[in-house]
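The block underneath contains the structure these notes are about, expressed in C-alpha cells.
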Amino acid sequence: MPDLTSIVKRAALEAGFELAGVAPAADARELEHFPRWIAAGRAGEMKYMEARDEQGELKRASLAHVAPWARSVVVCAINYNTAHPYSTEVNDPERGWISRYAWSREDYHDAVLRRLKQVEAALQVAVEGVATRSYVDTGPIVERVFAKYAGVGWVGKNTCIINQQKGSWLFLGVILTSVELTADVQSPDRCGSCTRCIEACPTDALLRPYELDSNRCIAYLTIEKRGSIPEELRAGMGQQVFGCDICQDVCPWNRKAPQSEAPEFAAREGLVNPALAWLAEMSADKFRDTFRGSPIRRAKSAGLRRNVAIAMGNSGRREFVAELERMSRDPEESVAESAAWAIRQLTTENRH
C-alpha cells in the first residue's frame with residue numbers, strides 16, 4: 001500500500017491549501033456539548049444546525065449519524081487574510097464594515113471546494129473503490145472540532161480555529177473517507193489566560209471561554225437573523241453591516257497573520273469599509289448584480305438594508321436622517337422599523 005496520508009497531504013498542498021491534517025472519525029469529546037448547546041437555544045434561528053437522522057439523533061453530535069462508514073477525516077485549510085486594516089483600526093462613522101471573509105472575488109464555498117475536489121480525486125486514484133464525501137461549511141459536521149484533532153489548529157475562546165503560524169483567518173474544507181489514514185497529533189490550546197476576544201465582543205455573545213450564544217453574535221444577527229433585530233443589541237452592532245471580525249481582530253495570534261496569495265480572496269473594489277450611503281441606496285436588482293457570486297447574498301437585500309439602517313443610527317451623523325426617512329417607508333417591515341429606530345437615535349430630542 002502506498003503512504004496514503006502523504007499522498008493526501010501532498011495533494012492538498014498542490015491544490016493550494018496551506019495546512020492539511022487527518023483526524024480519526026471517532027467522536028470527539030467536544031461534540032458531547034453540542035446537544036446541550038442546541039437545547040439551550042444557542043443556535044438561534046439556524047434550524048439546519050438541528051438536523052437529525054432517521055432515529056432522531058442530532059447529526060452534528062456524532063459523525064456516526066452522518067457517515068457511519070467514515071474512518072478518517074481529512075481537514076484542509078487556506079488563508080484568506082488580505083493587506084487591509086482590521087475593523088478595530090478604522091473609525092469612519094459614514095462607513096460600514098463587511099466581514100473580511102466576504103470581500104472575496106469568488107464565494108469561498110466554490111473556491112475551497114474546487115481545491116478540495118482535487119485532494120479527493122487524488123485519494124480516489126490511490127485507492128480503488130474508496131468512499132469519500134467533501135464539505136465546505138455545508139454539511140452536518142462541526143469542522144473546527146475535527147480541525148483540532150487533525151492538528152490544523154486549536155479551538156480558541158472565540159470558537160474559531162487558530163493556527164500558531166497562520167492565525168485564524170482560515171477557510172476549512174473536510175473530506176470524509178472510508179480509508180483509515182494516519183491521524184495527526186491534535187493541536188494544543190495556546191490561548192492561555194488571554195480573554196481579549198471575550199472582553200472585546202460588544203454584544204457579549206461569548207458567554208464564557210469557548211461558548212458562543214448565536215442569538216447575541218453580530219455575525220448571526222447581520223447574516224442569519226430574519227426580521228427585526230432586538231433593540232437592546234443594536235447599539236452594540238456599531239457599523240457592522242455583514243458579519244463581524246472583532247473577536248479575531250483583537251486576537252494576538254493575528255498580529256502577524258500572513259496575507260493570502262490566492263487571487264480569489266482578493267478584496268472586491270468597494271467592499272472594504274463601504275460607504276453606508278452607497279449601500280442604503282442599493283436597489284434589489286443592484287444588490288443582486290453587485291454581490292453576484294458573493295456570500296453577502298445570504299443576508300438578502302432586505303437584511304442588508306436593515307443592517308445599514310442600524311449602522312446609520314449608530315453613526316451619530318444627522319445627515320443620514322433624510323435617507324433614513326426614505327428607508328422608514330420601505331415595504332419590508334424590518335427595514336422600515338430599523339430606520340425609524342435609527343432616526344430616533346439621531347434626533348436632538350432623543351439625545352436630550
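Naming works like this for the C-alpha cells: A, B, ... for the chains as they're shown, residue 1 at the start of each chain, ligands 1 onward in shown order.
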Name the residues in contact with Glu231 in chain A at a cut-off of 10 Å, using only C-alpha atoms, excluding same-chain residues fewer than 6 positions from it; report them as a PyMOL selection string. chain A and resi 310+338+341
Atoms to include: N, CA and C atoms. Write the selected residues as a short mmCIF file (atom, residue, chain, number, x, y, z; two decimals), in the first residue's frame.
data_model
loop_
_atom_site.label_atom_id
_atom_site.label_comp_id
_atom_site.auth_asym_id
_atom_site.auth_seq_id
_atom_site.Cartn_x
_atom_site.Cartn_y
_atom_site.Cartn_z
N ILE A 310 -29.44 50.35 10.84
CA ILE A 310 -28.95 50.30 12.23
C ILE A 310 -27.57 50.94 12.33
N SER A 338 -36.38 49.48 11.53
CA SER A 338 -34.99 49.77 11.91
C SER A 338 -34.63 51.20 11.55
N TRP A 341 -36.15 53.50 14.11
CA TRP A 341 -35.31 53.44 15.32
C TRP A 341 -34.06 54.30 15.14
#
Any idea what's packed within 12 Å of Asn81 in chain A, counting only C-alpha atoms, ignoring anything in its chain fewer than 6 positions away? Could you give it as a ChimeraX atom specification? /A:99-104,166-171,245,248-249,254-267
Which polymer residues have any atom within 10 Å of an atom of Gly303 in chain A, counting only C-alpha atoms, with same-chain residues fewer than 6 positions away left out, as an MDAnalysis selection string? chainID A and resid 221:228 241:242 296:297 309 332 334:335
Dump as a PDB file, in the first residue's frame, selection limited to C-alpha atoms:
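Output (out_26.pdb):
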ATOM      1  CA  LEU A 221     -27.637  38.946  13.625  1.00  0.00           C
ATOM      2  CA  THR A 222     -26.472  40.534  10.373  1.00  0.00           C
ATOM      3  CA  ILE A 223     -26.467  37.389   8.231  1.00  0.00           C
ATOM      4  CA  GLU A 224     -28.738  34.638   9.542  1.00  0.00           C
ATOM      5  CA  LYS A 225     -31.343  36.532  11.564  1.00  0.00           C
ATOM      6  CA  ARG A 226     -34.519  37.345   9.676  1.00  0.00           C
ATOM      7  CA  GLY A 227     -36.910  40.123  10.617  1.00  0.00           C
ATOM      8  CA  SER A 228     -36.113  42.748  13.221  1.00  0.00           C
ATOM      9  CA  VAL A 241     -23.453  45.526   8.198  1.00  0.00           C
ATOM     10  CA  PHE A 242     -22.440  41.961   7.273  1.00  0.00           C
ATOM     11  CA  ILE A 296     -23.168  38.594   1.072  1.00  0.00           C
ATOM     12  CA  ARG A 297     -26.229  37.454  -0.840  1.00  0.00           C
ATOM     13  CA  ALA A 309     -30.195  51.447   8.819  1.00  0.00           C
ATOM     14  CA  GLU A 332     -40.012  45.433   4.193  1.00  0.00           C
ATOM     15  CA  SER A 334     -37.831  45.115   9.403  1.00  0.00           C
ATOM     16  CA  VAL A 335     -36.134  47.786   7.276  1.00  0.00           C
TER      17      VAL A 335
END
Skip Ala322 in chain A itself and residues of its chain fewer than 4 positions away, then list as a list of chain:residue names all residues within 12 Å of it, counting only C-alpha atoms.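 Everything that qualifies: A:Ala277, A:Ala280, A:Glu281, A:Ala309, A:Met312, A:Arg317, A:Arg318, A:Arg326, A:Met327, A:Ser328, A:Arg329, A:Ala339, A:Ala340, A:Ala342, A:Ile343, A:Leu346, A:Thr347.
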Among range 2-242 of chain A, which ones does DSSP place in helix (DSSP H, G or I), written as a PyMOL selection string? chain A and resi 4-15+29-39+47-50+59-61+63-65+87-89+100-103+108-126+143-149+196-200+214-216+218-223+231-237
Can you list, as a PyMOL selection string, every protein, DNA or RNA residue that comes within 12 Å of Ala70 in chain A when you count only C-alpha atoms, leaving out same-chain residues fewer than 3 positions away? chain A and resi 23-27+62-67+73-74+130-134+175-181
With distances taken over only C-alpha atoms, which of A:Asp137, A:Glu50, A:Glu232, A:Asp330 is nearest to Trp37 in chain A?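 Smallest distance to Trp37 in chain A is found for A:Glu50.
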Taking the chain letters and numbering used in this document, name the residues of range 6-165 of chain A that DSSP puts in strand (DSSP E or B), as a list in words.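 Answer for range 6-165 of chain A, restricted to strand (DSSP E or B): Leu19, Ala20, Gly21, Val22, Ala23, Pro24, Arg52, Leu58, Ser72, Val73, Val74, Val75, Cys76, Ala77, Ile78, Asn79, Arg95, Trp97, Ile98, Ser104, Thr132, Arg133, Ser134, Tyr135, Trp154, Val155, Ile161, Ile162 and Asn163 of chain A.
Using only C-alpha atoms, the smallest distance between any of A:Pro68, A:Gly236, A:Gly96, A:Pro331 and Val308 in chain A comes from A:Gly96.
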